[in-house]
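structure.cif follows; it contains mmCIF, C-alpha atoms.
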```
data_structure
loop_
_atom_site.label_atom_id
_atom_site.label_comp_id
_atom_site.auth_asym_id
_atom_site.auth_seq_id
_atom_site.Cartn_x
_atom_site.Cartn_y
_atom_site.Cartn_z
CA MET A 1 170.34 45.02 179.39
CA THR A 2 169.92 43.23 176.08
CA PHE A 3 168.72 44.87 172.89
CA HIS A 4 166.67 43.01 170.33
CA THR A 5 166.26 45.42 167.47
CA ILE A 6 166.80 45.59 163.74
CA LEU A 7 168.69 48.88 164.04
CA PRO A 8 172.48 48.64 164.43
CA LEU A 9 173.46 49.35 168.03
CA GLU A 10 176.01 51.96 166.95
CA ILE A 11 173.09 54.03 165.66
CA VAL A 12 170.81 53.36 168.63
CA LEU A 13 173.46 54.20 171.22
CA ASP A 14 175.24 56.97 169.30
CA GLY A 15 175.91 59.86 171.69
CA ILE A 16 175.06 58.00 174.87
CA ASP A 17 178.45 58.95 176.38
CA ASP A 18 178.11 62.60 175.42
CA PRO A 19 176.45 64.53 178.25
CA LYS A 20 175.81 67.48 175.92
CA ARG A 21 173.59 65.35 173.71
CA MET A 22 171.71 63.61 176.46
CA ARG A 23 168.63 65.23 177.96
CA ARG A 24 168.88 67.49 180.99
CA THR A 25 165.74 67.07 183.02
CA VAL A 26 164.16 68.64 186.07
CA GLU A 27 161.38 67.52 188.34
CA ILE A 28 158.39 69.79 188.68
CA ARG A 29 155.21 69.46 190.68
CA THR A 30 152.12 70.63 188.86
CA GLY A 31 148.43 69.89 189.30
CA GLY A 32 149.22 67.60 192.23
CA MET A 33 151.56 65.49 190.08
CA LEU A 34 155.30 65.12 190.06
CA LEU A 35 156.65 65.16 186.51
CA GLU A 36 160.11 64.81 185.03
CA VAL A 37 160.42 67.35 182.24
CA GLU A 38 163.09 68.53 179.86
CA PRO A 39 163.13 72.34 179.75
CA VAL A 40 162.90 73.57 176.16
CA GLY A 41 162.81 77.33 176.81
CA ASP A 42 160.07 79.95 176.89
CA GLY A 43 158.80 78.49 180.15
CA CYS A 44 157.85 75.23 178.46
CA GLY A 45 159.01 71.73 179.17
CA ARG A 46 158.75 68.42 177.36
CA ILE A 47 157.35 65.64 179.51
CA VAL A 48 159.86 62.81 179.98
CA ARG A 49 157.92 60.72 182.48
CA LEU A 50 155.29 60.91 185.19
CA LEU A 51 156.83 60.22 188.59
CA ASP A 52 153.89 60.56 190.95
CA CYS A 53 150.31 60.93 189.74
CA PRO A 54 146.86 59.37 189.93
CA LEU A 55 146.46 56.21 187.82
CA ASP A 56 144.04 57.89 185.41
CA ALA A 57 146.66 60.52 184.55
CA TYR A 58 148.40 57.83 182.47
CA LEU A 59 145.36 57.75 180.20
CA ASP A 60 145.45 61.50 179.59
CA PRO A 61 146.95 62.12 176.13
CA ALA A 62 148.09 65.57 177.27
CA LEU A 63 150.42 63.96 179.79
CA ASN A 64 152.08 61.52 177.38
CA PRO A 65 155.88 61.64 177.26
CA GLY A 66 156.99 64.04 174.53
CA ASN A 67 154.15 66.50 175.08
CA LEU A 68 154.91 70.10 175.89
CA ILE A 69 153.58 71.63 179.08
CA ARG A 70 153.93 75.06 180.60
CA MET A 71 156.29 75.01 183.56
CA GLN A 72 155.48 77.10 186.59
CA PRO A 73 157.82 80.10 187.03
CA MET B 74 142.36 66.07 183.88
CA SER B 75 142.05 62.76 182.17
CA ALA B 76 139.64 62.21 179.31
CA TYR B 77 138.79 58.98 181.12
CA ASP B 78 138.56 60.22 184.68
CA MET B 79 135.62 59.43 186.85
CA THR B 80 134.06 62.87 186.47
CA GLY B 81 133.71 62.52 182.72
CA PRO B 82 135.11 64.67 179.96
CA VAL B 83 136.37 68.16 180.54
CA ASN B 84 133.41 70.49 180.41
CA PRO B 85 133.45 74.19 179.68
CA PRO B 86 132.08 76.53 182.33
CA GLU B 87 128.40 75.89 182.86
CA GLY B 88 125.77 78.18 181.35
CA PRO B 89 126.13 80.76 178.66
CA VAL B 90 128.74 83.42 179.11
CA PRO B 91 127.18 86.91 179.43
CA GLY B 92 126.88 88.47 176.02
CA ASP B 93 127.46 85.13 174.43
CA GLY B 94 124.10 84.97 172.71
CA GLU B 95 123.92 82.18 170.14
CA GLN B 96 127.29 80.82 171.16
CA GLY B 97 125.88 79.77 174.51
CA ARG B 98 124.29 76.86 172.75
CA ALA B 99 127.44 75.85 170.92
CA SER B 100 128.80 72.37 171.53
CA GLY B 101 131.27 71.70 174.36
CA PRO B 102 134.46 71.52 172.28
CA VAL B 103 133.57 74.67 170.32
CA GLN B 104 132.93 76.51 173.58
CA ALA B 105 136.27 75.37 174.92
CA VAL B 106 138.05 76.83 171.92
CA GLN B 107 136.09 80.08 172.10
CA GLN B 108 136.24 80.62 175.82
CA LEU B 109 139.45 78.99 176.93
CA GLY B 110 141.50 79.54 173.80
CA GLN B 111 142.47 75.87 173.83
CA THR B 112 143.49 74.22 170.61
CA THR B 113 143.41 70.82 172.30
CA VAL B 114 139.70 70.27 172.56
CA PRO B 115 138.25 67.83 175.09
CA GLN B 116 138.32 64.28 173.79
CA THR B 117 135.12 62.57 172.87
CA GLU B 118 134.96 59.63 175.20
CA SER B 119 135.50 56.25 173.66
CA ASN B 120 135.11 52.85 175.23
CA ILE B 121 138.31 51.76 173.46
CA PHE B 122 141.78 52.69 174.60
CA CYS B 123 144.32 52.91 171.80
CA MET B 124 147.94 52.31 172.72
CA THR B 125 150.73 52.96 170.23
CA ILE B 126 154.11 51.25 170.35
CA ILE B 127 156.42 53.26 168.14
CA GLY B 128 160.15 53.36 167.42
CA GLN B 129 162.54 51.83 169.95
CA ILE B 130 161.13 50.18 173.05
CA GLU B 131 163.15 51.89 175.76
CA GLY B 132 164.09 49.85 178.80
CA HIS B 133 166.56 50.33 181.61
CA ILE B 134 168.80 52.74 179.71
CA VAL B 135 167.61 56.15 178.55
CA LEU B 136 168.39 56.22 174.84
CA PRO B 137 169.98 59.19 173.09
CA PRO B 138 167.48 61.66 171.63
CA GLN B 139 167.91 60.59 167.98
CA ASN B 140 165.75 57.58 168.89
CA LYS B 141 162.01 57.84 168.82
CA THR B 142 161.12 55.78 171.85
CA THR B 143 158.24 54.05 173.59
CA LYS B 144 158.81 54.19 177.31
CA TYR B 145 157.80 51.03 179.11
CA GLU B 146 157.48 52.76 182.48
CA HIS B 147 154.62 54.79 180.96
CA LEU B 148 152.95 51.90 179.17
CA ILE B 149 152.83 49.58 182.17
CA PRO B 150 150.74 51.89 184.41
CA GLN B 151 148.75 52.94 181.32
CA LEU B 152 147.70 49.32 180.86
CA ALA B 153 146.93 49.05 184.57
CA ALA B 154 144.77 52.19 184.30
CA ALA B 155 142.99 50.84 181.22
CA GLU B 156 142.27 47.56 183.00
CA GLN B 157 140.98 49.38 186.05
CA ASN B 158 138.89 52.11 184.37
CA PRO B 159 135.28 50.95 184.01
CA LYS B 160 134.71 53.21 180.99
CA ILE B 161 137.29 51.35 178.92
CA GLU B 162 135.95 48.13 177.48
CA GLY B 163 138.64 47.18 175.01
CA ILE B 164 142.26 47.90 174.17
CA LEU B 165 143.68 48.39 170.69
CA VAL B 166 147.47 48.12 170.40
CA VAL B 167 148.99 49.62 167.26
CA LEU B 168 152.61 48.71 166.54
CA ASN B 169 155.24 50.26 164.34
CA THR B 170 158.41 49.36 166.16
CA VAL B 171 161.98 48.41 165.33
CA GLY B 172 162.34 46.44 168.57
CA GLY B 173 164.34 47.42 171.61
CA ASP B 174 164.96 46.21 175.14
CA VAL B 175 164.15 42.54 175.69
CA GLU B 176 162.99 42.90 179.29
CA ALA B 177 160.79 45.91 178.56
CA GLY B 178 159.32 44.32 175.43
CA LEU B 179 158.45 41.10 177.22
CA ALA B 180 157.04 43.05 180.17
CA ILE B 181 154.68 44.95 177.86
CA ALA B 182 153.73 41.73 176.04
CA GLU B 183 152.96 39.95 179.32
CA MET B 184 150.91 42.92 180.53
CA ILE B 185 148.83 42.96 177.34
CA ALA B 186 148.33 39.19 177.40
CA SER B 187 147.14 39.22 181.02
CA LEU B 188 144.51 41.95 180.59
CA THR B 189 141.02 40.62 181.20
CA LYS B 190 139.44 43.11 178.78
CA PRO B 191 139.36 42.31 175.05
CA LYS B 192 142.53 43.40 173.29
CA VAL B 193 143.44 43.42 169.62
CA THR B 194 146.85 44.17 168.11
CA LEU B 195 147.59 45.69 164.72
CA VAL B 196 151.01 45.77 163.07
CA LEU B 197 151.41 48.72 160.72
CA GLY B 198 154.71 49.35 158.97
CA GLY B 199 156.78 47.03 161.11
CA GLY B 200 156.74 44.93 164.24
CA HIS B 201 160.33 43.77 164.41
CA SER B 202 162.47 41.82 166.86
CA ILE B 203 161.08 42.26 170.38
CA GLY B 204 157.98 43.79 168.76
CA VAL B 205 156.99 40.25 167.66
CA PRO B 206 155.93 39.05 171.16
CA ILE B 207 153.94 42.27 171.62
CA ALA B 208 152.24 41.75 168.23
CA VAL B 209 150.97 38.32 169.25
CA ALA B 210 149.98 39.25 172.82
CA GLY B 211 146.38 40.22 172.03
CA ASP B 212 143.27 38.07 171.78
CA ARG B 213 143.45 38.57 168.05
CA SER B 214 146.20 40.04 165.90
CA PHE B 215 146.15 41.84 162.55
CA ILE B 216 148.89 42.88 160.19
CA ALA B 217 148.64 45.37 157.33
CA GLU B 218 149.30 43.86 153.93
CA THR B 219 152.53 45.83 153.48
CA ALA B 220 153.73 45.56 157.08
CA THR B 221 156.80 43.47 157.93
CA MET B 222 158.11 41.57 160.90
CA THR B 223 161.77 40.67 161.25
CA ILE B 224 162.42 37.50 163.18
CA HIS B 225 166.07 37.15 164.13
CA PRO B 226 168.19 35.95 167.06
CA ILE B 227 169.07 38.13 170.02
CA ARG B 228 172.56 39.54 169.60
CA LEU B 229 175.20 39.89 172.25
CA ASN B 230 176.09 43.38 173.35
CA GLY B 231 178.01 44.96 176.17
CA LEU B 232 180.64 43.07 178.14
CA VAL B 233 180.94 39.66 176.55
CA ILE B 234 182.86 36.91 178.32
CA GLY B 235 184.01 34.18 175.99
CA VAL B 236 182.76 31.26 178.04
CA PRO B 237 180.09 28.65 177.27
CA GLN B 238 177.86 30.18 179.99
CA THR B 239 177.54 33.36 177.91
CA PHE B 240 176.00 31.39 175.08
CA GLU B 241 173.75 29.51 177.48
CA TYR B 242 172.54 32.81 178.96
CA LEU B 243 171.80 34.18 175.51
CA ASP B 244 170.00 30.98 174.59
CA LYS B 245 167.86 31.30 177.73
CA MET B 246 166.96 34.90 176.86
CA GLN B 247 166.00 33.81 173.37
CA GLU B 248 163.98 30.90 174.67
CA ARG B 249 161.80 33.35 176.64
CA VAL B 250 160.89 35.14 173.42
CA VAL B 251 160.33 31.89 171.49
CA ARG B 252 158.14 30.45 174.26
CA PHE B 253 156.00 33.58 174.51
CA VAL B 254 155.46 33.83 170.75
CA THR B 255 154.67 30.15 170.24
CA SER B 256 152.27 30.02 173.19
CA HIS B 257 150.38 33.16 172.10
CA SER B 258 150.16 32.52 168.36
CA GLY B 259 149.56 29.69 165.94
CA ILE B 260 153.18 29.29 164.84
CA SER B 261 155.04 26.17 165.89
CA GLU B 262 158.33 26.35 167.76
CA ALA B 263 160.11 24.53 164.96
CA ARG B 264 158.84 26.93 162.29
CA PHE B 265 159.58 30.03 164.40
CA LYS B 266 163.14 28.87 165.03
CA GLU B 267 163.50 28.01 161.36
CA LEU B 268 162.57 31.60 160.47
CA MET B 269 164.82 32.94 163.23
CA PHE B 270 167.94 31.08 162.16
CA LYS B 271 167.49 31.25 158.40
CA THR B 272 170.52 32.39 156.44
CA GLY B 273 170.66 34.30 153.18
CA GLU B 274 167.55 36.42 153.80
CA LEU B 275 168.90 39.39 155.70
CA THR B 276 171.97 41.31 154.61
CA ARG B 277 173.51 42.01 158.02
CA ASP B 278 172.01 39.26 160.11
CA ILE B 279 170.51 35.82 160.07
CA GLY B 280 166.76 35.53 160.29
CA THR B 281 163.75 36.33 158.12
CA THR B 282 161.56 39.28 157.26
CA VAL B 283 157.98 38.16 156.91
CA ILE B 284 155.52 40.39 155.08
CA GLY B 285 151.82 40.64 156.00
CA PRO B 286 150.28 37.58 154.29
CA ASP B 287 153.38 35.43 155.04
CA ALA B 288 153.02 36.16 158.76
CA VAL B 289 149.42 34.95 158.56
CA LYS B 290 150.36 31.88 156.52
CA ASP B 291 152.86 30.83 159.20
CA GLY B 292 150.27 31.33 161.94
CA LEU B 293 152.23 34.12 163.61
CA ILE B 294 149.44 36.66 163.07
CA ASP B 295 145.73 35.84 162.85
CA ALA B 296 144.69 37.92 159.83
CA VAL B 297 145.72 40.51 157.28
CA GLY B 298 143.80 43.72 157.88
CA GLY B 299 143.81 47.37 158.72
CA ILE B 300 142.35 49.61 161.36
CA GLY B 301 138.78 48.92 160.25
CA ASP B 302 139.18 45.15 160.64
CA ALA B 303 140.95 45.52 163.97
CA LEU B 304 138.28 47.82 165.42
CA ALA B 305 135.44 45.68 164.09
CA GLU B 306 136.98 42.62 165.74
CA LEU B 307 137.55 44.49 169.01
CA ASN B 308 133.94 45.70 169.04
CA ARG B 309 132.79 42.14 168.37
CA LEU B 310 134.85 40.85 171.30
CA ILE B 311 133.48 43.61 173.55
CA ALA B 312 129.90 42.74 172.58
CA GLN B 313 130.63 39.06 173.17
CA ARG B 314 132.03 39.81 176.63
CA LYS B 315 128.92 41.81 177.54
CA GLN B 316 126.61 38.88 176.79
CA PRO B 317 125.44 37.28 180.00
CA ALA B 318 126.83 33.85 180.75
CA GLY B 319 124.71 31.02 179.42
CA THR B 320 123.65 32.82 176.24
CA GLY B 321 126.60 31.67 174.25
CA GLY B 322 128.85 34.54 175.29
CA ALA B 323 132.31 33.37 176.14
CA LEU B 324 135.04 35.52 177.56
CA GLN B 325 137.52 36.24 174.81
#
```
Spit out the file's structure as structure tokens when you get a sec.
Amino acid sequence: MTFHTILPLEIVLDGIDDPKRMRRTVEIRTGGMLLEVEPVGDGCGRIVRLLDCPLDAYLDPALNPGNLIRMQP
Amino acid sequence: MSAYDMTGPVNPPEGPVPGDGEQGRASGPVQAVQQLGQTTVPQTESNIFCMTIIGQIEGHIVLPPQNKTTKYEHLIPQLAAAEQNPKIEGILVVLNTVGGDVEAGLAIAEMIASLTKPKVTLVLGGGHSIGVPIAVAGDRSFIAETATMTIHPIRLNGLVIGVPQTFEYLDKMQERVVRFVTSHSGISEARFKELMFKTGELTRDIGTTVIGPDAVKDGLIDAVGGIGDALAELNRLIAQRKQPAGTGGALQ
């Protein structure tokens, strides 16, 4: 893995060895799709990536990484 | 449901809701807010897909959360979906990136370059480092007057072995970037390398920061412009592509 960025790597990678600062994610299946989400409390999760979904789901702005979705109880 | 799916935009329940009166004739999005309580109203369908490349381009390693990242594993199928979806006729790529993973950046650039649909790129703010190949990957590229692009060599990171092969490997990696940029833009290899290895310009590195009009002067970017120019050009390319063969319409 090679970085080509103007930001110093010590800033980019700061905290990468600290498990407390890295995201804890879970996989949930919703609407026929398998999503990796980061639970943020109150039954909501932040989408990290789509793992299994129809191709058109990638064009749905509501399913972009970083968006909040309601997780099933 | 996707705003671009084959069944069309999300529609509110058909027919007026009992007791709805005048509201039964309200427009679709208004109905959605009233009846479903949604603040995210259905998107008006556009024939242009806008892709944003923001912050760090994340590759094989998940970056710590202080980074704002663009995930290549989302962008790649997104581009495949845009190429496949018949409702999308053109792709607009908007960049404001500080660079990131070489492999991921080149993968995105290659994907954009190989799309058959018209694609236009626009650099706003910055298109640095590995953002440069992405910025030149479209059929036509624009840069905002105040936007900058930093052209500098790839640095070594991780486990470095002090042998000549390490330098050769790095040189090969760099050559991939140079080759892509020079074959997809008007800049010559000699000029691009001159900018890349210039000393005295950057405080912590060697290389050059080119600002909007300078990028155009060197042939790296096609024109200085904003969102209006980029969209007008994309619409022109779409119209040109729609012209039947033999009437002067050429693909891209």
Inset, instruction - Point out the residue among B:Ile149, B:Glu274, B:Thr194, B:Lys141 with the least atom-to-atom distance to B:Asp212, counting all atoms listed in the file. - result: B:Thr194
Quick one: which residues end up in the PyMOL selection byres ((chain A) within 10 of (chain B)) for this structure, as a PDB file with C-alpha atoms, keeping the file's coordinate frame?
```pdb
ATOM      1  CA  MET A   1     170.340  45.020 179.390  1.00  0.00           C
ATOM      2  CA  THR A   2     169.920  43.230 176.080  1.00  0.00           C
ATOM      3  CA  PHE A   3     168.720  44.870 172.890  1.00  0.00           C
ATOM      4  CA  HIS A   4     166.670  43.010 170.330  1.00  0.00           C
ATOM      5  CA  THR A   5     166.260  45.420 167.470  1.00  0.00           C
ATOM      6  CA  ILE A   6     166.800  45.590 163.740  1.00  0.00           C
ATOM      7  CA  LEU A   7     168.690  48.880 164.040  1.00  0.00           C
ATOM      8  CA  PRO A   8     172.480  48.640 164.430  1.00  0.00           C
ATOM      9  CA  LEU A   9     173.460  49.350 168.030  1.00  0.00           C
ATOM     10  CA  ILE A  11     173.090  54.030 165.660  1.00  0.00           C
ATOM     11  CA  VAL A  12     170.810  53.360 168.630  1.00  0.00           C
ATOM     12  CA  LEU A  13     173.460  54.200 171.220  1.00  0.00           C
ATOM     13  CA  ASP A  14     175.240  56.970 169.300  1.00  0.00           C
ATOM     14  CA  GLY A  15     175.910  59.860 171.690  1.00  0.00           C
ATOM     15  CA  ILE A  16     175.060  58.000 174.870  1.00  0.00           C
ATOM     16  CA  ASP A  17     178.450  58.950 176.380  1.00  0.00           C
ATOM     17  CA  ASP A  18     178.110  62.600 175.420  1.00  0.00           C
ATOM     18  CA  PRO A  19     176.450  64.530 178.250  1.00  0.00           C
ATOM     19  CA  ARG A  21     173.590  65.350 173.710  1.00  0.00           C
ATOM     20  CA  MET A  22     171.710  63.610 176.460  1.00  0.00           C
ATOM     21  CA  ARG A  23     168.630  65.230 177.960  1.00  0.00           C
ATOM     22  CA  GLY A  31     148.430  69.890 189.300  1.00  0.00           C
ATOM     23  CA  VAL A  48     159.860  62.810 179.980  1.00  0.00           C
ATOM     24  CA  ARG A  49     157.920  60.720 182.480  1.00  0.00           C
ATOM     25  CA  LEU A  50     155.290  60.910 185.190  1.00  0.00           C
ATOM     26  CA  LEU A  51     156.830  60.220 188.590  1.00  0.00           C
ATOM     27  CA  PRO A  54     146.860  59.370 189.930  1.00  0.00           C
ATOM     28  CA  LEU A  55     146.460  56.210 187.820  1.00  0.00           C
ATOM     29  CA  ASP A  56     144.040  57.890 185.410  1.00  0.00           C
ATOM     30  CA  ALA A  57     146.660  60.520 184.550  1.00  0.00           C
ATOM     31  CA  TYR A  58     148.400  57.830 182.470  1.00  0.00           C
ATOM     32  CA  LEU A  59     145.360  57.750 180.200  1.00  0.00           C
ATOM     33  CA  ASP A  60     145.450  61.500 179.590  1.00  0.00           C
ATOM     34  CA  PRO A  61     146.950  62.120 176.130  1.00  0.00           C
ATOM     35  CA  ALA A  62     148.090  65.570 177.270  1.00  0.00           C
ATOM     36  CA  LEU A  63     150.420  63.960 179.790  1.00  0.00           C
ATOM     37  CA  ASN A  64     152.080  61.520 177.380  1.00  0.00           C
ATOM     38  CA  PRO A  65     155.880  61.640 177.260  1.00  0.00           C
ATOM     39  CA  GLY A  66     156.990  64.040 174.530  1.00  0.00           C
TER      40      GLY A  66
END
```
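Across A:Leu35, A:Val26, A:Leu68, A:Lys20, the tightest approach to A:Asp52 is made by A:Leu35 when counting all atoms listed in the file.
Computed from the coordinates, the atom CA of B:Phe240 to atom CA of B:Ile260 distance equals 25.1 Å.
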Inset, instruction - Please measure the separation of atom CA of B:Gly298 and atom CA of B:Glu218, giving the value in Å to one decimal. - result: 6.8 Å
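In this model, the gap between atom CA of B:Ala208 and atom CA of B:Val283 comes to 13.2 Å.
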Legend entry - Polymer residues at most 12 Å from (160.4, 71.4, 189.2) by all atoms listed in the file, as a VMD selection string: chain A and resid 25 to 30 33 to 39 43 to 45 47 51 70 to 73
For the provided coordinates, the residues matched by the PyMOL selection byres ((chain B and resi 285) around 12) should be stated as a PDB file with C-alpha atoms, in the frame of the given file.
```pdb
ATOM      1  CA  LEU B 195     147.590  45.690 164.720  1.00  0.00           C
ATOM      2  CA  VAL B 196     151.010  45.770 163.070  1.00  0.00           C
ATOM      3  CA  LEU B 197     151.410  48.720 160.720  1.00  0.00           C
ATOM      4  CA  GLY B 198     154.710  49.350 158.970  1.00  0.00           C
ATOM      5  CA  GLY B 199     156.780  47.030 161.110  1.00  0.00           C
ATOM      6  CA  GLY B 200     156.740  44.930 164.240  1.00  0.00           C
ATOM      7  CA  SER B 214     146.200  40.040 165.900  1.00  0.00           C
ATOM      8  CA  PHE B 215     146.150  41.840 162.550  1.00  0.00           C
ATOM      9  CA  ILE B 216     148.890  42.880 160.190  1.00  0.00           C
ATOM     10  CA  ALA B 217     148.640  45.370 157.330  1.00  0.00           C
ATOM     11  CA  GLU B 218     149.300  43.860 153.930  1.00  0.00           C
ATOM     12  CA  THR B 219     152.530  45.830 153.480  1.00  0.00           C
ATOM     13  CA  ALA B 220     153.730  45.560 157.080  1.00  0.00           C
ATOM     14  CA  THR B 221     156.800  43.470 157.930  1.00  0.00           C
ATOM     15  CA  MET B 222     158.110  41.570 160.900  1.00  0.00           C
ATOM     16  CA  THR B 223     161.770  40.670 161.250  1.00  0.00           C
ATOM     17  CA  THR B 282     161.560  39.280 157.260  1.00  0.00           C
ATOM     18  CA  VAL B 283     157.980  38.160 156.910  1.00  0.00           C
ATOM     19  CA  ILE B 284     155.520  40.390 155.080  1.00  0.00           C
ATOM     20  CA  PRO B 286     150.280  37.580 154.290  1.00  0.00           C
ATOM     21  CA  ASP B 287     153.380  35.430 155.040  1.00  0.00           C
ATOM     22  CA  ALA B 288     153.020  36.160 158.760  1.00  0.00           C
ATOM     23  CA  VAL B 289     149.420  34.950 158.560  1.00  0.00           C
ATOM     24  CA  LYS B 290     150.360  31.880 156.520  1.00  0.00           C
ATOM     25  CA  ASP B 291     152.860  30.830 159.200  1.00  0.00           C
ATOM     26  CA  GLY B 292     150.270  31.330 161.940  1.00  0.00           C
ATOM     27  CA  LEU B 293     152.230  34.120 163.610  1.00  0.00           C
ATOM     28  CA  ILE B 294     149.440  36.660 163.070  1.00  0.00           C
ATOM     29  CA  ASP B 295     145.730  35.840 162.850  1.00  0.00           C
ATOM     30  CA  ALA B 296     144.690  37.920 159.830  1.00  0.00           C
ATOM     31  CA  VAL B 297     145.720  40.510 157.280  1.00  0.00           C
ATOM     32  CA  GLY B 298     143.800  43.720 157.880  1.00  0.00           C
ATOM     33  CA  GLY B 299     143.810  47.370 158.720  1.00  0.00           C
TER      34      GLY B 299
END
```
Legend entry - Residues near B:Ser261, cut-off 10 Å, all atoms listed in the file, skip fewer than 2 positions along chain, as a PyMOL selection string: chain B and resi 251-252+254-256+258-259+263-267+291-293
Inset, instruction - Quick one: everything within 10 Å of B:Ala210, counting all atoms listed in the file, minus sequence neighbours fewer than 2 positions away in the same chain. Send it as a ChimeraX atom specification. - result: /B:166,179,181-188,192-194,205-208,212-214,253-254,256-258
Inset, instruction - Apply the PyMOL selection byres ((chain B and resi 191) around 7) to the structure shown and report the selected residues as a VMD selection string. - result: chain B and resid 163 to 164 189 to 190 192 to 193 212 307 310 to 311 325
Can you spit out the residues from that selection as a PDB file, in the coordinates of the input, using C-alpha atoms?
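Writing done, so here's selection_4.pdb:
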```pdb
ATOM      1  CA  GLY B 163     138.640  47.180 175.010  1.00  0.00           C
ATOM      2  CA  ILE B 164     142.260  47.900 174.170  1.00  0.00           C
ATOM      3  CA  THR B 189     141.020  40.620 181.200  1.00  0.00           C
ATOM      4  CA  LYS B 190     139.440  43.110 178.780  1.00  0.00           C
ATOM      5  CA  LYS B 192     142.530  43.400 173.290  1.00  0.00           C
ATOM      6  CA  VAL B 193     143.440  43.420 169.620  1.00  0.00           C
ATOM      7  CA  ASP B 212     143.270  38.070 171.780  1.00  0.00           C
ATOM      8  CA  LEU B 307     137.550  44.490 169.010  1.00  0.00           C
ATOM      9  CA  LEU B 310     134.850  40.850 171.300  1.00  0.00           C
ATOM     10  CA  ILE B 311     133.480  43.610 173.550  1.00  0.00           C
ATOM     11  CA  GLN B 325     137.520  36.240 174.810  1.00  0.00           C
TER      12      GLN B 325
END
```
